[in-house]
>>> print(open('structure-v4.tsv').read())   # TSV, C-alpha atoms and all ligand atoms
chain	number	residue	atom	x	y	z
A	1	MET	CA	11.93	-12.94	7.10
A	2	ASN	CA	13.65	-16.28	7.22
A	3	ASP	CA	12.70	-18.33	4.20
A	4	ALA	CA	11.55	-16.30	1.22
A	5	ASP	CA	13.48	-13.65	-0.63
A	6	SER	CA	12.23	-10.89	-2.85
A	7	ASP	CA	12.93	-13.05	-5.96
A	8	SER	CA	10.11	-15.30	-4.86
A	9	LYS	CA	6.97	-15.41	-6.95
A	10	ILE	CA	3.78	-15.97	-5.02
A	11	PHE	CA	0.61	-17.59	-6.38
A	12	ILE	CA	-2.52	-16.12	-4.77
A	13	THR	CA	-5.98	-17.61	-5.26
A	14	GLY	CA	-8.96	-15.32	-4.65
A	15	VAL	CA	-6.69	-12.34	-5.39
A	16	ALA	CA	-9.61	-10.04	-6.31
A	17	GLY	CA	-11.20	-10.72	-2.93
A	18	PHE	CA	-10.81	-8.54	0.15
A	19	ILE	CA	-7.95	-10.38	1.86
A	20	GLY	CA	-6.33	-11.56	-1.40
A	21	PHE	CA	-6.13	-7.97	-2.63
A	22	HIS	CA	-4.38	-6.80	0.54
A	23	VAL	CA	-1.93	-9.71	0.56
A	24	ALA	CA	-1.05	-9.07	-3.08
A	25	LYS	CA	-0.69	-5.32	-2.59
A	26	THR	CA	1.61	-5.76	0.40
A	27	LEU	CA	3.78	-8.40	-1.29
A	28	LEU	CA	4.07	-6.29	-4.44
A	29	GLN	CA	5.11	-3.30	-2.32
A	30	GLN	CA	7.77	-5.51	-0.75
A	31	GLY	CA	9.18	-6.33	-4.20
A	32	TYR	CA	7.67	-9.77	-4.74
A	33	ARG	CA	6.15	-10.90	-8.00
A	34	VAL	CA	2.54	-12.05	-7.71
A	35	VAL	CA	0.45	-14.30	-9.94
A	36	GLY	CA	-3.22	-14.04	-9.00
A	37	VAL	CA	-6.27	-16.06	-9.96
A	38	ASP	CA	-9.91	-15.18	-9.37
A	39	ASN	CA	-13.16	-16.08	-11.13
A	40	MET	CA	-14.85	-12.76	-10.13
A	41	CYS	CA	-17.97	-14.57	-8.98
A	42	GLU	CA	-20.91	-12.49	-7.74
A	43	LEU	CA	-22.52	-14.86	-5.26
A	44	TYR	CA	-22.67	-12.45	-2.30
A	45	TYR	CA	-21.30	-9.16	-3.67
A	46	GLN	CA	-20.80	-7.35	-6.95
A	47	ALA	CA	-17.80	-7.93	-9.19
A	48	ALA	CA	-17.38	-4.13	-9.59
A	49	LEU	CA	-15.42	-3.97	-6.33
A	50	LYS	CA	-13.33	-7.00	-7.33
A	51	LYS	CA	-12.55	-5.36	-10.68
A	52	ALA	CA	-11.54	-2.13	-8.92
A	53	ARG	CA	-9.20	-4.07	-6.61
A	54	CYS	CA	-7.64	-5.78	-9.65
A	55	GLU	CA	-7.17	-2.46	-11.43
A	56	GLU	CA	-5.34	-1.17	-8.36
A	57	LEU	CA	-3.05	-4.22	-8.36
A	58	LYS	CA	-2.40	-4.01	-12.11
A	59	LYS	CA	-0.70	-0.64	-11.56
A	60	ASN	CA	2.27	-2.73	-10.47
A	61	GLU	CA	3.97	-4.48	-13.40
A	62	GLN	CA	5.01	-7.38	-11.20
A	63	PHE	CA	1.38	-8.45	-10.95
A	64	GLU	CA	-0.12	-10.96	-13.36
A	65	PHE	CA	-3.83	-11.75	-13.25
A	66	PHE	CA	-5.87	-14.66	-14.61
A	67	GLU	CA	-9.67	-14.63	-14.50
A	68	GLU	CA	-10.21	-18.35	-14.13
A	69	ASP	CA	-12.14	-20.81	-12.02
A	70	LEU	CA	-10.00	-22.72	-9.52
A	71	CYS	CA	-12.24	-25.75	-9.95
A	72	ASP	CA	-11.06	-26.19	-13.56
A	73	TYR	CA	-7.99	-28.29	-12.90
A	74	GLN	CA	-6.60	-28.35	-16.48
A	75	LYS	CA	-6.72	-24.56	-16.88
A	76	ILE	CA	-5.28	-23.87	-13.43
A	77	GLU	CA	-2.51	-26.42	-13.87
A	78	SER	CA	-1.46	-24.79	-17.12
A	79	ILE	CA	-1.35	-21.32	-15.45
A	80	TRP	CA	0.54	-22.79	-12.49
A	81	LYS	CA	3.19	-24.47	-14.68
A	82	LYS	CA	3.94	-21.29	-16.61
A	83	ALA	CA	3.87	-19.14	-13.45
A	84	ASP	CA	6.80	-20.98	-11.85
A	85	CYS	CA	5.85	-19.93	-8.31
A	86	THR	CA	7.47	-21.14	-5.11
A	87	GLN	CA	4.68	-20.33	-2.67
A	88	ILE	CA	0.89	-20.52	-2.65
A	89	VAL	CA	-1.58	-18.42	-0.67
A	90	HIS	CA	-4.96	-20.09	-1.15
A	91	LEU	CA	-7.78	-17.70	-0.23
A	92	ALA	CA	-10.39	-18.44	-2.91
A	93	ALA	CA	-13.67	-19.62	-1.44
A	94	HIS	CA	-17.31	-18.76	-1.09
A	95	ALA	CA	-16.73	-16.95	2.19
A	96	ALA	CA	-19.96	-15.58	3.65
A	97	VAL	CA	-21.79	-17.60	6.32
A	98	MET	CA	-25.51	-16.97	5.82
A	99	PRO	CA	-25.66	-17.40	2.00
A	100	SER	CA	-24.24	-20.89	2.48
A	101	PHE	CA	-27.72	-22.00	3.61
A	102	ASP	CA	-29.26	-20.66	0.38
A	103	GLU	CA	-26.59	-22.15	-1.89
A	104	PRO	CA	-25.38	-25.32	-0.15
A	105	PHE	CA	-24.38	-27.11	-3.37
A	106	LYS	CA	-22.34	-24.15	-4.61
A	107	TYR	CA	-20.55	-23.84	-1.25
A	108	ALA	CA	-19.84	-27.55	-0.89
A	109	LEU	CA	-18.61	-27.94	-4.48
A	110	ASN	CA	-16.62	-24.72	-4.74
A	111	ASN	CA	-14.88	-24.78	-1.38
A	112	THR	CA	-13.86	-28.42	-1.52
A	113	MET	CA	-13.00	-28.62	-5.22
A	114	SER	CA	-10.93	-25.42	-5.30
A	115	THR	CA	-8.88	-26.68	-2.34
A	116	GLN	CA	-8.54	-30.11	-3.94
A	117	VAL	CA	-7.11	-28.48	-7.08
A	118	VAL	CA	-4.61	-26.44	-5.06
A	119	LEU	CA	-3.52	-29.56	-3.16
A	120	GLU	CA	-2.89	-31.44	-6.40
A	121	LEU	CA	-0.75	-28.57	-7.69
A	122	ALA	CA	1.20	-28.57	-4.43
A	123	ARG	CA	1.67	-32.36	-4.52
A	124	LYS	CA	3.12	-32.26	-8.03
A	125	THR	CA	5.52	-29.38	-7.32
A	126	THR	CA	9.05	-30.18	-6.25
A	127	GLY	CA	10.61	-27.55	-4.04
A	128	LEU	CA	7.39	-25.82	-2.98
A	129	LYS	CA	8.32	-23.59	-0.05
A	130	SER	CA	4.90	-23.13	1.49
A	131	LEU	CA	1.18	-23.45	1.04
A	132	LEU	CA	-0.88	-21.13	3.21
A	133	TYR	CA	-4.63	-21.52	3.14
A	134	ALA	CA	-7.55	-19.63	4.66
A	135	SER	CA	-9.67	-21.22	7.31
A	136	THR	CA	-12.05	-19.48	9.67
A	137	SER	CA	-13.32	-19.06	13.22
A	138	SER	CA	-16.53	-20.67	11.88
A	139	VAL	CA	-14.87	-24.09	12.29
A	140	TYR	CA	-15.36	-23.65	16.07
A	141	GLY	CA	-19.14	-23.61	15.81
A	142	ARG	CA	-21.10	-21.95	18.59
A	143	SER	CA	-19.22	-20.38	21.51
A	144	ASN	CA	-20.07	-18.08	24.38
A	145	ALA	CA	-18.52	-14.90	25.72
A	146	GLN	CA	-16.33	-16.77	28.20
A	147	ASP	CA	-14.80	-19.11	25.60
A	148	SER	CA	-11.39	-18.09	24.38
A	149	LEU	CA	-11.08	-20.16	21.22
A	150	ASP	CA	-7.71	-21.84	20.87
A	151	GLU	CA	-6.56	-24.04	18.01
A	152	SER	CA	-6.81	-27.26	20.02
A	153	LYS	CA	-10.58	-26.84	20.44
A	154	CYS	CA	-12.61	-29.55	18.76
A	155	THR	CA	-13.98	-28.52	15.37
A	156	ASN	CA	-16.54	-31.20	14.70
A	157	THR	CA	-19.56	-29.04	15.55
A	158	PRO	CA	-19.72	-26.30	12.87
A	159	ILE	CA	-23.13	-24.62	12.60
A	160	SER	CA	-23.08	-23.48	8.95
A	161	ILE	CA	-22.46	-25.13	5.59
A	162	TYR	CA	-19.67	-22.60	5.14
A	163	GLY	CA	-18.05	-23.60	8.45
A	164	ALA	CA	-18.42	-27.27	7.55
A	165	SER	CA	-16.77	-26.70	4.16
A	166	LYS	CA	-13.78	-25.13	5.93
A	167	VAL	CA	-13.54	-28.02	8.41
A	168	ALA	CA	-13.45	-30.25	5.32
A	169	ASN	CA	-10.66	-28.09	3.83
A	170	GLU	CA	-8.54	-28.50	6.96
A	171	ALA	CA	-9.06	-32.27	6.85
A	172	MET	CA	-8.19	-32.44	3.13
A	173	VAL	CA	-4.98	-30.50	3.70
A	174	GLN	CA	-4.09	-32.77	6.62
A	175	ALA	CA	-4.44	-35.89	4.46
A	176	TYR	CA	-2.09	-34.39	1.84
A	177	VAL	CA	0.39	-33.25	4.47
A	178	ASP	CA	0.45	-36.70	6.00
A	179	ARG	CA	0.91	-38.52	2.69
A	180	TYR	CA	3.06	-36.05	0.73
A	181	ASP	CA	4.77	-33.84	3.38
A	182	ILE	CA	3.34	-30.68	1.84
A	183	PRO	CA	4.58	-27.58	3.76
A	184	ALA	CA	1.06	-26.38	4.60
A	185	THR	CA	-0.14	-23.87	7.19
A	186	GLY	CA	-3.78	-23.07	7.97
A	187	LEU	CA	-4.90	-19.61	9.09
A	188	ARG	CA	-8.20	-19.18	10.89
A	189	PHE	CA	-9.38	-15.61	10.32
A	190	PHE	CA	-11.89	-13.88	12.61
A	191	LYS	CA	-14.27	-11.19	11.22
A	192	VAL	CA	-11.77	-9.19	9.20
A	193	TYR	CA	-12.62	-5.57	8.30
A	194	GLY	CA	-10.97	-2.55	6.73
A	195	PRO	CA	-10.66	-0.57	3.48
A	196	TRP	CA	-11.62	-2.52	0.33
A	197	GLY	CA	-13.68	-4.82	2.58
A	198	ARG	CA	-16.62	-7.04	1.71
A	199	PRO	CA	-20.02	-5.32	1.33
A	200	ASP	CA	-21.78	-8.35	2.87
A	201	THR	CA	-20.01	-7.99	6.25
A	202	VAL	CA	-21.47	-6.33	9.32
A	203	PHE	CA	-19.31	-3.18	9.54
A	204	PHE	CA	-19.67	-2.52	5.82
A	205	LYS	CA	-23.46	-2.88	6.03
A	206	PHE	CA	-23.65	-0.62	9.07
A	207	VAL	CA	-21.51	2.14	7.54
A	208	ASP	CA	-23.42	1.93	4.26
A	209	LYS	CA	-26.85	2.01	5.94
A	210	ILE	CA	-26.05	4.78	8.44
A	211	TYR	CA	-24.49	6.85	5.63
A	212	ARG	CA	-27.66	6.43	3.55
A	213	GLY	CA	-30.05	6.98	6.49
A	214	LYS	CA	-31.34	3.39	6.48
A	215	THR	CA	-32.11	1.19	9.52
A	216	ILE	CA	-29.43	-1.22	10.73
A	217	SER	CA	-30.35	-4.64	12.17
A	218	LEU	CA	-28.80	-5.64	15.49
A	219	TYR	CA	-29.22	-9.39	15.83
A	220	ASN	CA	-29.43	-11.31	19.11
A	221	PHE	CA	-31.19	-8.11	20.27
A	222	GLY	CA	-27.85	-6.28	20.22
A	223	ASN	CA	-26.04	-8.83	22.37
A	224	ILE	CA	-23.12	-9.51	20.01
A	225	ARG	CA	-19.37	-9.55	20.69
A	226	HIS	CA	-16.76	-10.59	18.18
A	227	SER	CA	-13.02	-10.64	17.58
A	228	PHE	CA	-13.27	-7.96	14.89
A	229	THR	CA	-9.81	-7.82	13.33
A	230	TYR	CA	-8.32	-5.03	11.25
A	231	ILE	CA	-6.96	-6.14	7.87
A	232	ASP	CA	-3.40	-4.84	8.43
A	233	ASP	CA	-2.98	-7.08	11.48
A	234	VAL	CA	-4.17	-10.11	9.50
A	235	ILE	CA	-1.77	-9.31	6.66
A	236	LEU	CA	1.21	-9.02	9.04
A	237	GLY	CA	0.36	-12.43	10.52
A	238	LEU	CA	-0.15	-14.00	7.11
A	239	ILE	CA	3.13	-12.69	5.73
A	240	SER	CA	4.96	-13.87	8.81
A	241	ALA	CA	3.48	-17.35	8.23
A	242	LEU	CA	4.62	-17.17	4.60
A	243	HIS	CA	8.20	-16.77	5.75
A	244	ARG	CA	8.05	-19.59	8.27
A	245	ARG	CA	8.67	-23.10	6.98
A	246	PRO	CA	6.04	-25.17	8.81
A	247	ASP	CA	7.19	-27.91	11.11
A	248	ILE	CA	5.62	-30.97	9.43
A	249	LYS	CA	5.71	-34.18	11.49
A	250	LYS	CA	4.20	-37.54	10.51
A	251	HIS	CA	0.78	-38.27	12.07
A	252	THR	CA	0.69	-34.83	13.69
A	253	ARG	CA	-1.62	-32.04	12.63
A	254	HIS	CA	-0.05	-29.42	10.38
A	255	PRO	CA	0.28	-25.92	11.90
A	256	ILE	CA	-2.99	-24.01	12.15
A	257	TYR	CA	-3.13	-20.52	13.68
A	258	ASN	CA	-5.86	-18.19	14.82
A	259	LEU	CA	-5.33	-14.76	13.28
A	260	GLY	CA	-7.86	-12.71	15.17
A	261	ASN	CA	-8.32	-9.96	17.69
A	262	PRO	CA	-7.89	-11.39	21.22
A	263	ASN	CA	-10.37	-8.76	22.44
A	264	SER	CA	-13.99	-9.58	21.81
A	265	ILE	CA	-15.65	-6.25	21.05
A	266	ASP	CA	-19.25	-5.24	21.78
A	267	LEU	CA	-21.06	-4.49	18.52
A	268	ASN	CA	-23.05	-1.66	20.17
A	269	TYR	CA	-19.78	0.10	20.91
A	270	CYS	CA	-18.72	-0.35	17.27
A	271	VAL	CA	-21.97	1.31	16.17
A	272	GLU	CA	-21.14	4.30	18.41
A	273	VAL	CA	-17.68	4.55	16.83
A	274	ILE	CA	-19.19	4.43	13.32
A	275	GLU	CA	-21.73	7.12	14.29
A	276	ASP	CA	-18.88	9.34	15.49
A	277	CYS	CA	-16.86	8.75	12.31
A	278	LEU	CA	-19.83	9.54	10.06
A	279	GLY	CA	-21.25	12.29	12.27
A	280	LYS	CA	-24.67	10.61	11.97
A	281	LYS	CA	-26.93	8.64	14.35
A	282	ALA	CA	-28.05	5.11	13.45
A	283	GLU	CA	-31.68	4.01	13.16
A	284	LYS	CA	-31.69	0.58	14.86
A	285	SER	CA	-33.89	-2.47	14.74
A	286	PHE	CA	-33.32	-5.24	17.31
A	287	GLU	CA	-33.88	-8.77	16.03
A	288	PRO	CA	-33.32	-12.40	17.11
A	289	LEU	CA	-30.21	-14.26	16.06
A	290	ALA	CA	-30.68	-16.15	12.81
A	291	PRO	CA	-30.06	-19.93	12.92
A	292	GLY	CA	-26.49	-20.64	11.81
A	293	ASP	CA	-25.26	-17.23	12.90
A	294	ARG	CA	-23.03	-16.71	15.94
A	295	SER	CA	-23.18	-14.03	18.60
A	296	PHE	CA	-19.76	-14.43	20.27
A	297	THR	CA	-16.19	-15.12	19.21
A	298	LYS	CA	-12.96	-14.53	21.08
A	299	ALA	CA	-9.67	-15.53	19.49
A	300	ASN	CA	-6.88	-17.01	21.56
A	301	ILE	CA	-3.69	-15.93	19.79
A	302	ASP	CA	-1.02	-17.43	22.09
A	303	LEU	CA	0.21	-19.85	19.43
A	304	ALA	CA	0.35	-17.23	16.66
A	305	LYS	CA	2.16	-14.88	19.05
A	306	LYS	CA	4.75	-17.52	19.85
A	307	ASP	CA	5.38	-18.86	16.32
A	308	LEU	CA	4.55	-15.88	14.10
A	309	ASN	CA	5.18	-12.96	16.42
A	310	TYR	CA	1.58	-12.07	15.60
A	311	ASN	CA	-0.15	-9.32	17.49
A	312	CYS	CA	-3.21	-7.18	17.13
A	313	ASN	CA	-2.02	-3.59	16.97
A	314	VAL	CA	-4.95	-1.70	15.47
A	315	ASN	CA	-7.80	-0.92	17.85
A	316	VAL	CA	-11.36	-0.64	16.64
A	317	GLU	CA	-11.46	3.17	16.93
A	318	ILE	CA	-8.52	3.55	14.53
A	319	GLY	CA	-9.57	0.65	12.29
A	320	LEU	CA	-13.14	1.86	11.85
A	321	LYS	CA	-11.98	5.42	11.18
A	322	LYS	CA	-9.73	4.14	8.36
A	323	PHE	CA	-12.56	2.02	6.99
A	324	VAL	CA	-15.11	4.87	7.07
A	325	ASP	CA	-12.61	7.25	5.42
A	326	TRP	CA	-12.08	4.72	2.60
A	327	TYR	CA	-15.83	4.17	2.25
A	328	VAL	CA	-16.56	7.89	1.86
A	329	GLU	CA	-13.52	8.86	-0.21
A	330	LYS	CA	-13.08	5.80	-2.48
A	331	TYR	CA	-16.06	3.46	-2.35
A	332	ILE	CA	-18.86	6.00	-2.80
A	333	PRO	CA	-17.26	7.58	-5.92
A	334	LEU	CA	-16.48	4.08	-7.24
A	335	ILE	CA	-20.06	2.87	-6.93
A	336	CYS	CA	-21.86	6.13	-7.69
A	337	GLY	CA	-19.58	6.93	-10.64
B	1	LIG	N1	-13.06	-11.74	5.59
B	1	LIG	C1	-13.24	-12.46	6.69
B	1	LIG	O1	-13.68	-11.93	7.72
B	1	LIG	C2	-12.90	-13.93	6.72
B	1	LIG	C3	-13.06	-14.61	7.95
B	1	LIG	C4	-12.74	-15.96	7.99
B	1	LIG	C5	-12.24	-16.60	6.87
B	1	LIG	N2	-12.10	-15.94	5.71
B	1	LIG	C6	-11.59	-16.68	4.54
B	1	LIG	O2	-10.57	-15.92	3.91
B	1	LIG	C7	-10.62	-16.11	2.50
B	1	LIG	C8	-10.73	-14.77	1.81
B	1	LIG	O3	-11.94	-14.13	2.25
B	1	LIG	P1	-12.38	-12.69	1.77
B	1	LIG	O4	-13.02	-12.03	2.92
B	1	LIG	O5	-11.27	-12.05	1.05
B	1	LIG	O6	-13.56	-13.09	0.77
B	1	LIG	P2	-13.84	-12.59	-0.72
B	1	LIG	O7	-15.16	-13.19	-1.10
B	1	LIG	O8	-13.70	-11.14	-0.81
B	1	LIG	O9	-12.67	-13.28	-1.52
B	1	LIG	C9	-12.70	-14.59	-2.02
B	1	LIG	C10	-12.38	-14.52	-3.50
B	1	LIG	O10	-12.30	-15.85	-4.02
B	1	LIG	C11	-12.84	-15.85	-5.32
B	1	LIG	N3	-13.25	-17.21	-5.65
B	1	LIG	C12	-14.19	-17.96	-5.02
B	1	LIG	N4	-14.29	-19.16	-5.61
B	1	LIG	C13	-13.38	-19.18	-6.63
B	1	LIG	C14	-13.03	-20.13	-7.61
B	1	LIG	N5	-13.61	-21.32	-7.68
B	1	LIG	N6	-12.06	-19.81	-8.50
B	1	LIG	C15	-11.46	-18.59	-8.47
B	1	LIG	N7	-11.77	-17.64	-7.55
B	1	LIG	C16	-12.72	-17.93	-6.65
B	1	LIG	C17	-14.00	-14.86	-5.26
B	1	LIG	O11	-14.35	-14.36	-6.53
B	1	LIG	C18	-13.45	-13.80	-4.31
B	1	LIG	O12	-12.90	-12.71	-5.03
B	1	LIG	C19	-11.78	-17.05	2.24
B	1	LIG	O13	-11.28	-18.36	2.10
B	1	LIG	C20	-12.63	-16.93	3.48
B	1	LIG	O14	-13.39	-18.11	3.71
B	1	LIG	C21	-12.42	-14.61	5.60
>>> encode(input="structure-v4.tsv", output="structure tokens", more="lines below")
Ligand SMILES: NC(=O)c1ccc[n+]([C@@H]2O[C@H](COP(=O)([O-])OP(=O)(O)OC[C@H]3O[C@@H](n4cnc5c(N)ncnc54)[C@H](O)[C@@H]3O)[C@@H](O)[C@H]2O)c1
Amino acid sequence: MNDADSDSKIFITGVAGFIGFHVAKTLLQQGYRVVGVDNMCELYYQAALKKARCEELKKNEQFEFFEEDLCDYQKIESIWKKADCTQIVHLAAHAAVMPSFDEPFKYALNNTMSTQVVLELARKTTGLKSLLYASTSSVYGRSNAQDSLDESKCTNTPISIYGASKVANEAMVQAYVDRYDIPATGLRFFKVYGPWGRPDTVFFKFVDKIYRGKTISLYNFGNIRHSFTYIDDVILGLISALHRRPDIKKHTRHPIYNLGNPNSIDLNYCVEVIEDCLGKKAEKSFEPLAPGDRSFTKANIDLAKKDLNYNCNVNVEIGLKKFVDWYVEKYIPLICG
């Protein structure tokens, strides 16, 4: 820690989401006060899980929650003024890739407007210590198994509306940084998984389907490798970024870091690990890759290692075991009552 102290109050957008929940939980455990906003939208998964995450957070009295839409500037500004926070972690977004083709207007409006609102709050706040915001590996567009994606790679060829909306977010933040010296840092996450995860993501779907005896779909005919990253590693990197005042220089891009697993892991191997954890064999169907989807990602984390002391400590065997244990012990009772 070098910049925040435990008196700090942190404003988290998208706090009922997967990553927002874990950030809030960790900060609360560390003695911080957290003000969280989420509109509990149900675009790609049910609000029941978001409500359960909020209930978990509300066990800590230092947590304050507002069910509100980030795109409503007046309402959010009034919450922000009363909250008196010194740092912002902006995670709210429509996050899934494939639904962005079905709901392009919702993605474009929500992901740009919510970020615009956060930037206006930041601009009007004297003494803001930091603004962290979520970006994604989807800004890199298509890549192949040999490409180690580093932050200097060109991001003008996204292949999904979602990816494009995040490229737009990075550009919007840059304009505000350049004009108003906002202490902003972007974090590009890569396929995050773990307990309390998103039901629309690949590991969650596989565990759920294998558990229920349903067939799993392996796209690109099973030829998929990704930088699957365990949530605890992402949270360590994010909190390290929260404590680091970004080096903002005129006409230079604000700091943006990959927070991903530097090892690109074969999805077939992950299926084997899940089968072992559940003690059940998967029924598989092999299918072509859908347009807009990607088959390979590999995060280069040299910059995050250097500046944030970021590392990926949790291997997929341990991470998937923890996820499957949570799914069986907590998620199934939660959903089945
Ligand atoms: N999970 C991943 O693998 C991953 C990978 C890359 C990037 N990201 C990014 O990280 C962030 C968090 O992702 P996540 O996986 O926790 O997703 P999530 O969908 O679980 O969380 C996002 C939360 O934001 C909320 N939200 C959306 N629009 C809002 C609005 N207008 N007002 C208030 N709340 C709103 C949603 O209700 C949701 O709870 C997102 O910005 C996402 O794009 C995630």
>>> closest_atom_pairs(input="structure-v4.tsv", of="chain A", to="ligand LIG 1 (chain B)", cutoff="8 Å", atoms="all atoms listed in the file", output="tab-separated table")
residue	atom	partner	partner_atom	distance
A:Thr13	CA	B:LIG1	N7	6.2
A:Gly14	CA	B:LIG1	O10	3.4
A:Val15	CA	B:LIG1	O12	6.2
A:Ala16	CA	B:LIG1	O12	4.4
A:Gly17	CA	B:LIG1	O9	3.3
A:Phe18	CA	B:LIG1	O5	3.7
A:Ile19	CA	B:LIG1	O5	3.8
A:Gly20	CA	B:LIG1	O5	5.5
A:Phe21	CA	B:LIG1	O5	7.5
A:Val37	CA	B:LIG1	C15	6.0
A:Asp38	CA	B:LIG1	N7	3.6
A:Asn39	CA	B:LIG1	C15	4.0
A:Met40	CA	B:LIG1	O11	4.0
A:Cys41	CA	B:LIG1	O11	4.4
A:Glu42	CA	B:LIG1	O11	6.9
A:Tyr44	CA	B:LIG1	O7	7.6
A:Tyr45	CA	B:LIG1	O7	7.8
A:Ala47	CA	B:LIG1	O11	7.8
A:Lys50	CA	B:LIG1	O12	6.2
A:Glu67	CA	B:LIG1	C15	7.4
A:Glu68	CA	B:LIG1	C15	5.8
A:Asp69	CA	B:LIG1	N6	3.7
A:Leu70	CA	B:LIG1	N6	3.7
A:Cys71	CA	B:LIG1	N5	5.2
A:His90	CA	B:LIG1	O13	7.3
A:Leu91	CA	B:LIG1	C7	4.2
A:Ala92	CA	B:LIG1	O10	3.4
A:Ala93	CA	B:LIG1	C12	4.0
A:His94	CA	B:LIG1	C12	5.1
A:Ala95	CA	B:LIG1	O14	3.8
A:Ala96	CA	B:LIG1	O14	7.0
A:Asn110	CA	B:LIG1	N5	5.4
A:Asn111	CA	B:LIG1	N4	7.1
A:Met113	CA	B:LIG1	N5	7.7
A:Ser114	CA	B:LIG1	N5	5.4
A:Tyr133	CA	B:LIG1	O13	7.4
A:Ala134	CA	B:LIG1	O13	4.7
A:Ser135	CA	B:LIG1	C5	5.3
A:Thr136	CA	B:LIG1	C4	4.0
A:Ser137	CA	B:LIG1	C4	6.1
A:Ser138	CA	B:LIG1	C4	7.2
A:Tyr162	CA	B:LIG1	O14	7.9
A:Lys166	CA	B:LIG1	O14	7.4
A:Arg188	CA	B:LIG1	C5	6.3
A:Phe189	CA	B:LIG1	C4	4.1
A:Phe190	CA	B:LIG1	C3	4.9
A:Lys191	CA	B:LIG1	O1	3.6
A:Val192	CA	B:LIG1	O1	3.7
A:Tyr193	CA	B:LIG1	O1	6.5
A:Gly197	CA	B:LIG1	O8	7.2
A:Arg198	CA	B:LIG1	O8	5.6
A:Thr201	CA	B:LIG1	O1	7.6
A:Thr229	CA	B:LIG1	O1	8.0
>>> atom_distance(input="structure-v4.tsv", atom1="CA of Pro333 in chain A", atom2="CA of Lys281 in chain A")
22.5 Å
>>> closest_residue(input="structure-v4.tsv", among="A:Arg212, A:Arg33, A:Lys59, A:Lys51", to="Val328 in chain A", atoms="only C-alpha atoms")
A:Arg212
>>> closest_residue(input="structure-v4.tsv", among="A:Leu49, A:Ala175, A:Ile256, A:Ile332", to="Lys153 in chain A", atoms="only C-alpha atoms")
A:Ile256
>>> atom_distance(input="structure-v4.tsv", atom1="CA of Leu242 in chain A", atom2="CA of Lys306 in chain A")
15.3 Å
>>> atom_distance(input="structure-v4.tsv", atom1="CA of Leu320 in chain A", atom2="CA of Ile231 in chain A")
10.9 Å
>>> residues_near_point(input="structure-v4.tsv", point="(-22.3, -24.0, 18.7)", cutoff="8 Å", atoms="all atoms listed in the file", output="PyMOL selection string")
chain A and resi 140-143+157-159+294
>>> residues_near_point(input="structure-v4.tsv", point="(8.1, -28.6, -4.9)", cutoff="10 Å", atoms="only C-alpha atoms", output="number ranges by chain")
A: 85-87, 121-130, 182-183
>>> closest_atom_pairs(input="structure-v4.tsv", of="range 166-270 of chain A", to="range 308-315 of chain A", cutoff="6 Å", atoms="all atoms listed in the file", output="Markdown table")
| residue | atom | partner | partner_atom | distance |
| --- | --- | --- | --- | --- |
| A:Asp233 | CA | A:Cys312 | CA | 5.7 |
| A:Gly237 | CA | A:Tyr310 | CA | 5.2 |
| A:Ser240 | CA | A:Leu308 | CA | 5.7 |
| A:Asn261 | CA | A:Cys312 | CA | 5.8 |
>>> residues_around(input="structure-v4.tsv", residues="range 296-299 of chain A", least_positions_apart="3", cutoff="9 Å", atoms="all atoms listed in the file", output="list in words")
Ser137, Arg142, Ser143, Asn144, Ala145, Gln146, Asp147, Ser148, Leu149, Asp150, Phe190, Asn223, Ile224, Arg225, His226, Ser227, Phe228, Asn258, Leu259, Gly260, Asn261, Pro262, Asn263, Ser264 and Ile265 of chain A
>>> closest_residue(input="structure-v4.tsv", among="A:Asp232, A:Tyr327, A:Trp80, A:Tyr107", to="Asp208 in chain A", atoms="all atoms listed in the file")
A:Tyr327
>>> decode(input="structure-v4.tsv", residues="range 331-336 of chain A", atoms="N, CA, C and O atoms", output="compact mmCIF listing (two decimals), in the first residue's frame")
# COMPACT_ATOMS: atom_id res chain seq x y z
N TYR A 331 -24.10 -22.46 -4.70
CA TYR A 331 -24.96 -22.02 -5.81
C TYR A 331 -26.19 -22.91 -5.96
O TYR A 331 -27.29 -22.41 -6.10
N ILE A 332 -25.98 -24.23 -5.90
CA ILE A 332 -27.11 -25.15 -6.08
C ILE A 332 -28.19 -24.90 -5.01
O ILE A 332 -29.36 -24.69 -5.34
N PRO A 333 -27.83 -24.84 -3.72
CA PRO A 333 -28.87 -24.53 -2.72
C PRO A 333 -29.52 -23.16 -2.94
O PRO A 333 -30.71 -22.99 -2.74
N LEU A 334 -28.72 -22.19 -3.42
CA LEU A 334 -29.24 -20.84 -3.64
C LEU A 334 -30.30 -20.85 -4.73
O LEU A 334 -31.36 -20.24 -4.61
N ILE A 335 -30.04 -21.56 -5.80
CA ILE A 335 -30.94 -21.55 -6.95
C ILE A 335 -32.08 -22.55 -6.77
O ILE A 335 -33.22 -22.28 -7.17
N CYS A 336 -31.78 -23.69 -6.14
CA CYS A 336 -32.83 -24.70 -5.99
C CYS A 336 -33.64 -24.52 -4.69
O CYS A 336 -34.58 -25.25 -4.43
